[in-house]
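As provided, upload.tsv (TSV, N, CA and C atoms) reads as follows.
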chain	number	residue	atom	x	y	z
F	26	LYS	N	0.85	-1.17	0.00
F	26	LYS	CA	0.00	0.00	0.00
F	26	LYS	C	0.90	1.23	0.00
F	27	GLN	N	0.64	2.15	-0.90
F	27	GLN	CA	1.45	3.36	-1.02
F	27	GLN	C	0.83	4.49	-0.20
F	28	TRP	N	1.64	5.19	0.56
F	28	TRP	CA	1.18	6.28	1.42
F	28	TRP	C	1.46	7.62	0.75
F	29	TYR	N	0.46	8.46	0.65
F	29	TYR	CA	0.62	9.80	0.12
F	29	TYR	C	0.31	10.79	1.22
F	30	GLN	N	1.07	11.85	1.24
F	30	GLN	CA	0.83	12.88	2.24
F	30	GLN	C	-0.21	13.87	1.74
F	31	ARG	N	-1.15	14.16	2.60
F	31	ARG	CA	-2.14	15.18	2.29
F	31	ARG	C	-1.74	16.43	3.06
F	32	ARG	N	-2.09	17.58	2.51
F	32	ARG	CA	-1.72	18.83	3.15
F	32	ARG	C	-2.77	19.88	2.84
F	33	VAL	N	-3.14	20.61	3.87
F	33	VAL	CA	-4.05	21.74	3.71
F	33	VAL	C	-3.37	22.96	4.32
F	34	ALA	N	-3.21	23.98	3.52
F	34	ALA	CA	-2.59	25.21	3.99
F	34	ALA	C	-3.58	26.35	3.80
F	35	ILE	N	-3.72	27.17	4.83
F	35	ILE	CA	-4.65	28.30	4.79
F	35	ILE	C	-3.88	29.57	5.13
F	36	THR	N	-4.15	30.64	4.39
F	36	THR	CA	-3.49	31.91	4.66
F	36	THR	C	-3.84	32.41	6.05
F	37	ALA	N	-3.14	33.44	6.50
F	37	ALA	CA	-3.36	34.12	7.78
F	37	ALA	C	-2.98	33.24	8.97
F	38	GLY	N	-2.17	32.21	8.74
F	38	GLY	CA	-1.69	31.38	9.83
F	38	GLY	C	-2.73	30.51	10.49
F	39	ILE	N	-3.82	30.25	9.80
F	39	ILE	CA	-4.90	29.43	10.36
F	39	ILE	C	-4.53	27.96	10.24
F	40	VAL	N	-4.64	27.23	11.33
F	40	VAL	CA	-4.30	25.81	11.35
F	40	VAL	C	-5.59	24.99	11.22
F	41	PRO	N	-5.70	24.22	10.14
F	41	PRO	CA	-6.91	23.41	9.94
F	41	PRO	C	-6.87	22.10	10.72
F	42	LEU	N	-8.04	21.59	11.04
F	42	LEU	CA	-8.18	20.26	11.62
F	42	LEU	C	-8.61	19.34	10.50
F	43	ILE	N	-7.82	18.30	10.24
F	43	ILE	CA	-8.11	17.36	9.15
F	43	ILE	C	-8.53	16.03	9.77
F	44	GLU	N	-9.72	15.56	9.36
F	44	GLU	CA	-10.24	14.30	9.87
F	44	GLU	C	-10.39	13.32	8.72
F	45	ASP	N	-9.81	12.14	8.89
F	45	ASP	CA	-9.91	11.08	7.88
F	45	ASP	C	-11.26	10.39	8.05
F	46	LEU	N	-12.13	10.51	7.04
F	46	LEU	CA	-13.46	9.90	7.08
F	46	LEU	C	-13.45	8.49	6.51
F	47	GLY	N	-12.32	8.07	5.97
F	47	GLY	CA	-12.21	6.75	5.36
F	47	GLY	C	-12.56	6.79	3.89
F	48	LEU	N	-12.18	5.76	3.17
F	48	LEU	CA	-12.47	5.62	1.74
F	48	LEU	C	-11.96	6.81	0.93
F	49	GLY	N	-10.85	7.41	1.36
F	49	GLY	CA	-10.26	8.51	0.62
F	49	GLY	C	-10.94	9.85	0.80
F	50	GLU	N	-11.82	9.98	1.79
F	50	GLU	CA	-12.50	11.25	2.04
F	50	GLU	C	-12.01	11.86	3.34
F	51	TYR	N	-11.90	13.16	3.34
F	51	TYR	CA	-11.42	13.89	4.50
F	51	TYR	C	-12.34	15.07	4.79
F	52	SER	N	-12.42	15.43	6.05
F	52	SER	CA	-13.14	16.62	6.47
F	52	SER	C	-12.11	17.63	6.97
F	53	VAL	N	-12.23	18.88	6.51
F	53	VAL	CA	-11.31	19.92	6.94
F	53	VAL	C	-12.13	21.01	7.64
F	54	THR	N	-11.76	21.32	8.86
F	54	THR	CA	-12.43	22.34	9.64
F	54	THR	C	-11.41	23.40	10.05
F	55	TYR	N	-11.82	24.66	9.99
F	55	TYR	CA	-10.93	25.73	10.44
F	55	TYR	C	-11.77	26.87	11.00
F	56	VAL	N	-11.15	27.67	11.85
F	56	VAL	CA	-11.82	28.81	12.46
F	56	VAL	C	-11.07	30.07	12.06
F	57	PRO	N	-11.67	30.91	11.22
F	57	PRO	CA	-11.01	32.16	10.83
F	57	PRO	C	-10.84	33.08	12.03
F	58	ASN	N	-9.75	33.85	12.03
F	58	ASN	CA	-9.50	34.76	13.14
F	58	ASN	C	-9.61	36.23	12.75
F	59	GLN	N	-10.00	36.47	11.49
F	59	GLN	CA	-10.22	37.84	11.03
F	59	GLN	C	-11.11	37.82	9.80
F	60	PHE	N	-11.68	38.99	9.47
F	60	PHE	CA	-12.60	39.09	8.33
F	60	PHE	C	-11.81	39.46	7.08
F	61	ILE	N	-11.30	38.44	6.40
F	61	ILE	CA	-10.50	38.64	5.19
F	61	ILE	C	-10.81	37.52	4.21
F	62	ASP	N	-10.30	37.67	2.98
F	62	ASP	CA	-10.38	36.58	2.01
F	62	ASP	C	-9.26	35.60	2.32
F	63	LEU	N	-9.59	34.32	2.35
F	63	LEU	CA	-8.60	33.28	2.62
F	63	LEU	C	-8.31	32.49	1.35
F	64	ILE	N	-7.10	32.03	1.23
F	64	ILE	CA	-6.72	31.11	0.16
F	64	ILE	C	-6.42	29.76	0.83
F	65	ILE	N	-7.12	28.73	0.37
F	65	ILE	CA	-6.98	27.39	0.94
F	65	ILE	C	-6.37	26.49	-0.12
F	66	SER	N	-5.18	26.01	0.15
F	66	SER	CA	-4.48	25.11	-0.78
F	66	SER	C	-4.59	23.68	-0.26
F	67	VAL	N	-5.10	22.80	-1.11
F	67	VAL	CA	-5.25	21.39	-0.73
F	67	VAL	C	-4.41	20.57	-1.70
F	68	THR	N	-3.44	19.84	-1.14
F	68	THR	CA	-2.57	19.01	-1.99
F	68	THR	C	-2.63	17.56	-1.54
F	69	TRP	N	-2.37	16.70	-2.50
F	69	TRP	CA	-2.28	15.26	-2.28
F	69	TRP	C	-1.07	14.80	-3.07
F	70	ALA	N	-0.12	14.16	-2.39
F	70	ALA	CA	1.13	13.73	-3.02
F	70	ALA	C	1.82	14.92	-3.70
F	71	GLU	N	1.82	16.04	-2.99
F	71	GLU	CA	2.47	17.28	-3.43
F	71	GLU	C	1.88	17.89	-4.70
F	72	GLN	N	0.67	17.49	-5.06
F	72	GLN	CA	-0.03	18.05	-6.22
F	72	GLN	C	-1.36	18.63	-5.75
F	73	HIS	N	-1.72	19.80	-6.30
F	73	HIS	CA	-3.01	20.39	-5.94
F	73	HIS	C	-4.15	19.48	-6.39
F	74	VAL	N	-5.16	19.32	-5.54
F	74	VAL	CA	-6.36	18.60	-5.95
F	74	VAL	C	-7.12	19.50	-6.91
F	75	PRO	N	-8.01	18.95	-7.75
F	75	PRO	CA	-8.76	19.79	-8.70
F	75	PRO	C	-9.48	20.95	-8.00
F	76	GLY	N	-9.30	22.14	-8.54
F	76	GLY	CA	-9.92	23.34	-8.00
F	76	GLY	C	-9.07	24.10	-7.00
F	77	SER	N	-8.06	23.44	-6.44
F	77	SER	CA	-7.18	24.08	-5.47
F	77	SER	C	-6.16	24.97	-6.19
F	78	PRO	N	-5.85	26.12	-5.63
F	78	PRO	CA	-6.28	26.65	-4.34
F	78	PRO	C	-7.70	27.23	-4.41
F	79	PHE	N	-8.39	27.17	-3.27
F	79	PHE	CA	-9.76	27.66	-3.15
F	79	PHE	C	-9.76	29.02	-2.45
F	80	LYS	N	-10.73	29.85	-2.77
F	80	LYS	CA	-10.87	31.14	-2.10
F	80	LYS	C	-12.09	31.07	-1.18
F	81	ALA	N	-11.93	31.50	0.05
F	81	ALA	CA	-13.03	31.56	1.01
F	81	ALA	C	-13.13	32.99	1.52
F	82	VAL	N	-14.33	33.53	1.52
F	82	VAL	CA	-14.56	34.89	2.01
F	82	VAL	C	-15.11	34.78	3.43
F	83	VAL	N	-14.41	35.40	4.37
F	83	VAL	CA	-14.85	35.40	5.76
F	83	VAL	C	-15.64	36.68	5.98
F	84	LEU	N	-16.94	36.51	6.23
F	84	LEU	CA	-17.83	37.66	6.39
F	84	LEU	C	-18.01	37.98	7.86
F	85	GLY	N	-18.27	39.24	8.11
F	85	GLY	CA	-18.51	39.68	9.48
F	85	GLY	C	-19.88	39.28	9.97
F	86	PRO	N	-20.17	39.58	11.22
F	86	PRO	CA	-21.47	39.23	11.79
F	86	PRO	C	-22.57	40.09	11.16
F	87	PRO	N	-23.83	39.66	11.29
F	87	PRO	CA	-24.92	40.46	10.73
F	87	PRO	C	-24.99	41.83	11.41
F	88	ASP	N	-25.30	42.84	10.61
F	88	ASP	CA	-25.39	44.22	11.11
F	88	ASP	C	-26.71	44.82	10.63
F	89	ALA	N	-27.73	44.74	11.48
F	89	ALA	CA	-29.07	45.20	11.11
F	89	ALA	C	-29.11	46.68	10.77
F	90	THR	N	-28.16	47.46	11.28
F	90	THR	CA	-28.17	48.90	10.99
F	90	THR	C	-27.87	49.18	9.53
F	91	ARG	N	-27.38	48.19	8.80
F	91	ARG	CA	-27.06	48.37	7.38
F	91	ARG	C	-28.21	47.95	6.46
F	92	CYS	N	-29.31	47.47	7.04
F	92	CYS	CA	-30.51	47.12	6.26
F	92	CYS	C	-31.27	48.40	5.91
F	93	VAL	N	-31.80	48.45	4.69
F	93	VAL	CA	-32.58	49.60	4.25
F	93	VAL	C	-33.99	49.13	3.95
F	94	LEU	N	-34.97	49.72	4.64
F	94	LEU	CA	-36.38	49.39	4.43
F	94	LEU	C	-37.02	50.44	3.56
F	95	SER	N	-37.93	50.00	2.70
F	95	SER	CA	-38.66	50.92	1.84
F	95	SER	C	-40.02	50.31	1.52
F	96	GLY	N	-40.85	51.10	0.88
F	96	GLY	CA	-42.16	50.62	0.44
F	96	GLY	C	-43.28	51.16	1.31
F	97	GLU	N	-44.44	51.25	0.69
F	97	GLU	CA	-45.62	51.80	1.36
F	97	GLU	C	-46.01	51.02	2.60
F	98	GLY	N	-45.77	49.71	2.59
F	98	GLY	CA	-46.20	48.84	3.69
F	98	GLY	C	-45.52	49.10	5.01
F	99	ILE	N	-44.47	49.92	5.04
F	99	ILE	CA	-43.88	50.26	6.34
F	99	ILE	C	-44.59	51.45	6.97
F	100	HIS	N	-45.45	52.13	6.20
F	100	HIS	CA	-46.14	53.31	6.70
F	100	HIS	C	-47.66	53.17	6.77
F	101	ILE	N	-48.23	52.43	5.80
F	101	ILE	CA	-49.69	52.39	5.70
F	101	ILE	C	-50.15	51.06	5.09
F	102	ALA	N	-51.30	50.61	5.54
F	102	ALA	CA	-51.93	49.41	4.97
F	102	ALA	C	-53.44	49.58	5.09
F	103	ARG	N	-54.15	48.97	4.15
F	103	ARG	CA	-55.62	48.99	4.19
F	103	ARG	C	-56.11	47.63	4.63
F	104	PRO	N	-57.01	47.57	5.60
F	104	PRO	CA	-57.52	46.28	6.06
F	104	PRO	C	-58.05	45.44	4.90
F	105	GLY	N	-57.63	44.18	4.86
F	105	GLY	CA	-58.10	43.25	3.84
F	105	GLY	C	-57.33	43.30	2.54
F	106	TRP	N	-56.39	44.23	2.40
F	106	TRP	CA	-55.60	44.36	1.17
F	106	TRP	C	-54.13	44.05	1.46
F	107	PRO	N	-53.45	43.40	0.51
F	107	PRO	CA	-52.02	43.13	0.73
F	107	PRO	C	-51.21	44.42	0.82
F	108	ALA	N	-50.31	44.47	1.78
F	108	ALA	CA	-49.35	45.57	1.93
F	108	ALA	C	-47.96	44.98	1.75
F	109	GLU	N	-47.06	45.79	1.22
F	109	GLU	CA	-45.73	45.29	0.88
F	109	GLU	C	-44.66	46.26	1.34
F	110	PHE	N	-43.54	45.69	1.80
F	110	PHE	CA	-42.35	46.48	2.10
F	110	PHE	C	-41.14	45.72	1.58
F	111	LEU	N	-40.05	46.45	1.35
F	111	LEU	CA	-38.82	45.85	0.83
F	111	LEU	C	-37.70	46.05	1.84
F	112	VAL	N	-36.79	45.09	1.88
F	112	VAL	CA	-35.61	45.19	2.73
F	112	VAL	C	-34.39	44.87	1.87
F	113	ASN	N	-33.45	45.81	1.84
F	113	ASN	CA	-32.18	45.58	1.15
F	113	ASN	C	-31.14	45.31	2.24
F	114	ALA	N	-30.66	44.07	2.29
F	114	ALA	CA	-29.67	43.66	3.29
F	114	ALA	C	-28.35	43.26	2.64
F	115	GLN	N	-28.11	43.75	1.45
F	115	GLN	CA	-26.92	43.34	0.70
F	115	GLN	C	-25.61	43.70	1.39
F	116	THR	N	-25.60	44.75	2.17
F	116	THR	CA	-24.35	45.14	2.85
F	116	THR	C	-24.42	44.89	4.35
F	117	ALA	N	-25.38	44.08	4.79
F	117	ALA	CA	-25.61	43.86	6.22
F	117	ALA	C	-24.95	42.60	6.76
F	118	GLY	N	-24.07	41.97	6.00
F	118	GLY	CA	-23.44	40.73	6.45
F	118	GLY	C	-24.38	39.55	6.29
F	119	VAL	N	-23.87	38.40	6.67
F	119	VAL	CA	-24.68	37.18	6.56
F	119	VAL	C	-25.70	37.17	7.69
F	120	GLY	N	-26.94	36.92	7.34
F	120	GLY	CA	-27.98	36.90	8.36
F	120	GLY	C	-29.26	36.30	7.83
F	121	HIS	N	-30.28	36.38	8.65
F	121	HIS	CA	-31.60	35.83	8.33
F	121	HIS	C	-32.62	36.90	8.66
F	122	LEU	N	-33.55	37.15	7.74
F	122	LEU	CA	-34.57	38.18	7.92
F	122	LEU	C	-35.85	37.58	8.46
F	123	THR	N	-36.37	38.19	9.50
F	123	THR	CA	-37.69	37.84	10.01
F	123	THR	C	-38.45	39.14	10.29
F	124	ALA	N	-39.75	39.06	10.33
F	124	ALA	CA	-40.58	40.23	10.61
F	124	ALA	C	-41.88	39.79	11.25
F	125	ASN	N	-42.42	40.65	12.07
F	125	ASN	CA	-43.75	40.41	12.61
F	125	ASN	C	-44.45	41.74	12.84
F	126	ILE	N	-45.77	41.67	12.96
F	126	ILE	CA	-46.59	42.87	13.14
F	126	ILE	C	-47.47	42.67	14.36
F	127	GLN	N	-47.56	43.70	15.16
F	127	GLN	CA	-48.44	43.67	16.31
F	127	GLN	C	-49.49	44.77	16.16
F	128	GLY	N	-50.75	44.36	16.14
F	128	GLY	CA	-51.86	45.31	16.09
F	128	GLY	C	-52.57	45.35	17.42
F	129	ALA	N	-53.56	46.21	17.54
F	129	ALA	CA	-54.29	46.34	18.79
F	129	ALA	C	-55.01	45.04	19.15
F	130	ASN	N	-55.65	44.39	18.16
F	130	ASN	CA	-56.42	43.18	18.43
F	130	ASN	C	-56.00	41.98	17.58
F	131	SER	N	-55.01	42.17	16.71
F	131	SER	CA	-54.58	41.07	15.85
F	131	SER	C	-53.12	41.25	15.46
F	132	ASN	N	-52.50	40.16	15.09
F	132	ASN	CA	-51.10	40.16	14.66
F	132	ASN	C	-51.03	39.50	13.29
F	133	PRO	N	-51.12	40.30	12.22
F	133	PRO	CA	-51.09	39.72	10.87
F	133	PRO	C	-49.81	38.92	10.60
F	134	ASN	N	-49.94	37.87	9.84
F	134	ASN	CA	-48.80	37.07	9.43
F	134	ASN	C	-48.00	37.83	8.36
F	135	VAL	N	-46.67	37.82	8.49
F	135	VAL	CA	-45.80	38.47	7.50
F	135	VAL	C	-45.09	37.38	6.71
F	136	GLU	N	-45.25	37.42	5.39
F	136	GLU	CA	-44.55	36.49	4.50
F	136	GLU	C	-43.31	37.19	3.97
F	137	ILE	N	-42.15	36.52	4.05
F	137	ILE	CA	-40.88	37.08	3.57
F	137	ILE	C	-40.41	36.25	2.38
F	138	GLU	N	-40.02	36.94	1.32
F	138	GLU	CA	-39.52	36.28	0.11
F	138	GLU	C	-38.22	36.98	-0.32
F	139	GLU	N	-37.17	36.19	-0.56
F	139	GLU	CA	-35.94	36.76	-1.10
F	139	GLU	C	-36.08	36.78	-2.62
F	140	TYR	N	-36.16	37.96	-3.22
F	140	TYR	CA	-36.38	38.06	-4.65
F	140	TYR	C	-35.10	38.30	-5.43
F	141	ALA	N	-34.03	38.65	-4.75
F	141	ALA	CA	-32.69	38.79	-5.34
F	141	ALA	C	-31.70	38.60	-4.19
F	142	GLU	N	-30.45	38.39	-4.52
F	142	GLU	CA	-29.43	38.17	-3.50
F	142	GLU	C	-29.42	39.33	-2.49
F	143	GLY	N	-29.81	39.04	-1.24
F	143	GLY	CA	-29.80	40.05	-0.19
F	143	GLY	C	-30.94	41.05	-0.24
F	144	LYS	N	-31.92	40.81	-1.12
F	144	LYS	CA	-33.09	41.70	-1.22
F	144	LYS	C	-34.35	40.90	-0.94
F	145	PHE	N	-35.21	41.46	-0.08
F	145	PHE	CA	-36.37	40.74	0.39
F	145	PHE	C	-37.64	41.56	0.22
F	146	ARG	N	-38.75	40.84	0.05
F	146	ARG	CA	-40.06	41.45	-0.03
F	146	ARG	C	-40.91	40.88	1.10
F	147	GLY	N	-41.48	41.77	1.90
F	147	GLY	CA	-42.38	41.35	2.97
F	147	GLY	C	-43.80	41.73	2.60
F	148	THR	N	-44.74	40.82	2.79
F	148	THR	CA	-46.14	41.12	2.51
F	148	THR	C	-46.99	40.68	3.70
F	149	TYR	N	-48.05	41.42	3.93
F	149	TYR	CA	-48.99	41.09	4.99
F	149	TYR	C	-50.34	41.70	4.66
F	150	ILE	N	-51.37	41.23	5.34
F	150	ILE	CA	-52.72	41.77	5.19
F	150	ILE	C	-53.22	42.17	6.58
F	151	ALA	N	-53.37	43.47	6.78
F	151	ALA	CA	-53.91	43.96	8.05
F	151	ALA	C	-55.39	43.56	8.14
F	152	LYS	N	-55.79	43.13	9.32
F	152	LYS	CA	-57.17	42.67	9.51
F	152	LYS	C	-58.07	43.76	10.04
F	153	GLU	N	-57.48	44.84	10.54
F	153	GLU	CA	-58.27	45.90	11.16
F	153	GLU	C	-57.59	47.25	10.99
F	154	SER	N	-58.36	48.30	11.13
F	154	SER	CA	-57.82	49.66	11.13
F	154	SER	C	-57.16	49.93	12.47
F	155	GLY	N	-56.29	50.92	12.48
F	155	GLY	CA	-55.64	51.31	13.73
F	155	GLY	C	-54.13	51.16	13.63
F	156	ASP	N	-53.47	51.55	14.70
F	156	ASP	CA	-52.01	51.49	14.73
F	156	ASP	C	-51.52	50.05	14.80
F	157	HIS	N	-50.50	49.77	14.03
F	157	HIS	CA	-49.81	48.49	14.04
F	157	HIS	C	-48.32	48.78	14.12
F	158	ASP	N	-47.58	47.92	14.78
F	158	ASP	CA	-46.12	48.05	14.86
F	158	ASP	C	-45.49	46.95	14.02
F	159	LEU	N	-44.60	47.34	13.10
F	159	LEU	CA	-43.86	46.40	12.26
F	159	LEU	C	-42.47	46.25	12.84
F	160	PHE	N	-42.07	45.02	13.13
F	160	PHE	CA	-40.74	44.70	13.65
F	160	PHE	C	-40.00	43.87	12.60
F	161	VAL	N	-38.84	44.35	12.20
F	161	VAL	CA	-38.01	43.64	11.21
F	161	VAL	C	-36.68	43.33	11.88
F	162	TYR	N	-36.26	42.06	11.77
F	162	TYR	CA	-35.04	41.61	12.44
F	162	TYR	C	-34.07	41.03	11.40
F	163	TRP	N	-32.81	41.39	11.53
F	163	TRP	CA	-31.73	40.80	10.71
F	163	TRP	C	-30.72	40.24	11.70
F	164	CYS	N	-30.64	38.94	11.77
F	164	CYS	CA	-29.70	38.32	12.71
F	164	CYS	C	-29.21	36.99	12.18
Could you quickly redo this structure as structure tokens?
Amino acid sequence: KQWYQRRVAITAGIVPLIEDLGLGEYSVTYVPNQFIDLIISVTWAEQHVPGSPFKAVVLGPPDATRCVLSGEGIHIARPGWPAEFLVNAQTAGVGHLTANIQGANSNPNVEIEEYAEGKFRGTYIAKESGDHDLFVYWC
């Protein structure tokens, strides 16, 4: 049986954990220590595996202050009619968008749809007239 050395090198001095899964498969885990682009070189028998070196982008935590809300549905809605608002989270880091509405006597369901990378459409139907509070979360 011939032994080949495997090697994974990551920029920024990051040390990967390599786990042999058997049957020629390996799992590589690493923890980035800064928000930068990383280059990951994977070699087998001193030759790059197909696709290596790989580029990994380390993104920062979600930042809800960078989300931009727009649309009539953040200001006004007519009972029984669909209302819509838009959220642009393209510069807000990696996250998940949720929203809910609280009314005086009802809490309409808010449907969220991602219609483009980092852009979302929220729709809801108010059941009654009166003040409602719209809460949008990016986390």
Find the residues near F:Asn125: any atom within 8 Å, counting all atoms listed in the file, skip ones fewer than 4 places away on the same chain, and give them as a PDB file with N, CA and C atoms, in the frame of the given file.
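See selection26.pdb below for the written result:
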ATOM      1  N   ASN F 132     -52.500  40.160  15.090  1.00  0.00           N
ATOM      2  CA  ASN F 132     -51.100  40.160  14.660  1.00  0.00           C
ATOM      3  C   ASN F 132     -51.030  39.500  13.290  1.00  0.00           C
ATOM      4  N   PRO F 133     -51.120  40.300  12.220  1.00  0.00           N
ATOM      5  CA  PRO F 133     -51.090  39.720  10.870  1.00  0.00           C
ATOM      6  C   PRO F 133     -49.810  38.920  10.600  1.00  0.00           C
ATOM      7  N   ASN F 134     -49.940  37.870   9.840  1.00  0.00           N
ATOM      8  CA  ASN F 134     -48.800  37.070   9.430  1.00  0.00           C
ATOM      9  C   ASN F 134     -48.000  37.830   8.360  1.00  0.00           C
ATOM     10  N   VAL F 135     -46.670  37.820   8.490  1.00  0.00           N
ATOM     11  CA  VAL F 135     -45.800  38.470   7.500  1.00  0.00           C
ATOM     12  C   VAL F 135     -45.090  37.380   6.710  1.00  0.00           C
ATOM     13  N   GLU F 136     -45.250  37.420   5.390  1.00  0.00           N
ATOM     14  CA  GLU F 136     -44.550  36.490   4.500  1.00  0.00           C
ATOM     15  C   GLU F 136     -43.310  37.190   3.970  1.00  0.00           C
ATOM     16  N   ASP F 158     -47.580  47.920  14.780  1.00  0.00           N
ATOM     17  CA  ASP F 158     -46.120  48.050  14.860  1.00  0.00           C
ATOM     18  C   ASP F 158     -45.490  46.950  14.020  1.00  0.00           C
ATOM     19  N   LEU F 159     -44.600  47.340  13.100  1.00  0.00           N
ATOM     20  CA  LEU F 159     -43.860  46.400  12.260  1.00  0.00           C
ATOM     21  C   LEU F 159     -42.470  46.250  12.840  1.00  0.00           C
ATOM     22  N   PHE F 160     -42.070  45.020  13.130  1.00  0.00           N
ATOM     23  CA  PHE F 160     -40.740  44.700  13.650  1.00  0.00           C
ATOM     24  C   PHE F 160     -40.000  43.870  12.600  1.00  0.00           C
ATOM     25  N   VAL F 161     -38.840  44.350  12.200  1.00  0.00           N
ATOM     26  CA  VAL F 161     -38.010  43.640  11.210  1.00  0.00           C
ATOM     27  C   VAL F 161     -36.680  43.330  11.880  1.00  0.00           C
ATOM     28  N   TYR F 162     -36.260  42.060  11.770  1.00  0.00           N
ATOM     29  CA  TYR F 162     -35.040  41.610  12.440  1.00  0.00           C
ATOM     30  C   TYR F 162     -34.070  41.030  11.400  1.00  0.00           C
TER      31      TYR F 162
END
If you count only N, CA and C atoms, which residues fall within 6.5 Å of F:Ala114, apart from same-chain ones fewer than 4 positions away, as a PDB file with N, CA and C atoms, keeping the file's coordinate frame?
ATOM      1  N   ARG F  91     -27.380  48.190   8.800  1.00  0.00           N
ATOM      2  CA  ARG F  91     -27.060  48.370   7.380  1.00  0.00           C
ATOM      3  C   ARG F  91     -28.210  47.950   6.460  1.00  0.00           C
ATOM      4  N   CYS F  92     -29.310  47.470   7.040  1.00  0.00           N
ATOM      5  CA  CYS F  92     -30.510  47.120   6.260  1.00  0.00           C
ATOM      6  C   CYS F  92     -31.270  48.400   5.910  1.00  0.00           C
ATOM      7  N   VAL F  93     -31.800  48.450   4.690  1.00  0.00           N
ATOM      8  CA  VAL F  93     -32.580  49.600   4.250  1.00  0.00           C
ATOM      9  C   VAL F  93     -33.990  49.130   3.950  1.00  0.00           C
ATOM     10  N   GLY F 118     -24.070  41.970   6.000  1.00  0.00           N
ATOM     11  CA  GLY F 118     -23.440  40.730   6.450  1.00  0.00           C
ATOM     12  C   GLY F 118     -24.380  39.550   6.290  1.00  0.00           C
ATOM     13  N   GLY F 143     -29.810  39.040  -1.240  1.00  0.00           N
ATOM     14  CA  GLY F 143     -29.800  40.050  -0.190  1.00  0.00           C
ATOM     15  C   GLY F 143     -30.940  41.050  -0.240  1.00  0.00           C
ATOM     16  N   LYS F 144     -31.920  40.810  -1.120  1.00  0.00           N
ATOM     17  CA  LYS F 144     -33.090  41.700  -1.220  1.00  0.00           C
ATOM     18  C   LYS F 144     -34.350  40.900  -0.940  1.00  0.00           C
ATOM     19  N   PHE F 145     -35.210  41.460  -0.080  1.00  0.00           N
ATOM     20  CA  PHE F 145     -36.370  40.740   0.390  1.00  0.00           C
ATOM     21  C   PHE F 145     -37.640  41.560   0.220  1.00  0.00           C
TER      22      PHE F 145
END
Kindly extract all protein, DNA and RNA residues lying within 10 Å of the coordinates (-49.9, 50.7, 16.8) given in the file, considering only C-alpha atoms, and supply them as a ChimeraX atom specification.
/F:126-129,154-159
Excluding F:Val40 and residues on its chain fewer than 5 positions from it, collect all residues at most 8 Å away from it, counting only C-alpha atoms, and give them as an MDAnalysis selection string.
chainID F and resid 34:35 55
F:Gly105, F:Gly96, F:Pro75, F:Gly120 ranked by distance to F:Gly147, top pick (using only C-alpha atoms)
F:Gly96
Using only C-alpha atoms for the distances, tell me which of F:Thr148, F:Asn58, F:Thr90, F:Thr68 is nearest to F:Ala108.
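Counting only C-alpha atoms, the residue closest to F:Ala108 is F:Thr148.
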Could you write out, as a PyMOL selection string, all the residues of stretch 89-127 of chain F that DSSP marks as helix (DSSP H, G or I)?
chain F and resi 89-91+97-99
I need the residue nearest F:Ala151 from this list: F:Leu42, F:Val119, F:Trp163, F:Pro104. Use all atoms listed in the file for the distance.
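Closest candidate: F:Pro104.
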Name the closest residue to F:Pro78 among the candidates F:Ile99, F:Arg32, F:Ala124, F:Ile39; distances are taken between atoms, counting only C-alpha atoms.
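Result for the nearest residue to F:Pro78: F:Arg32.
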Atom CA of F:Val83 to atom CA of F:Thr36: how many Å, to one decimal?
11.9 Å
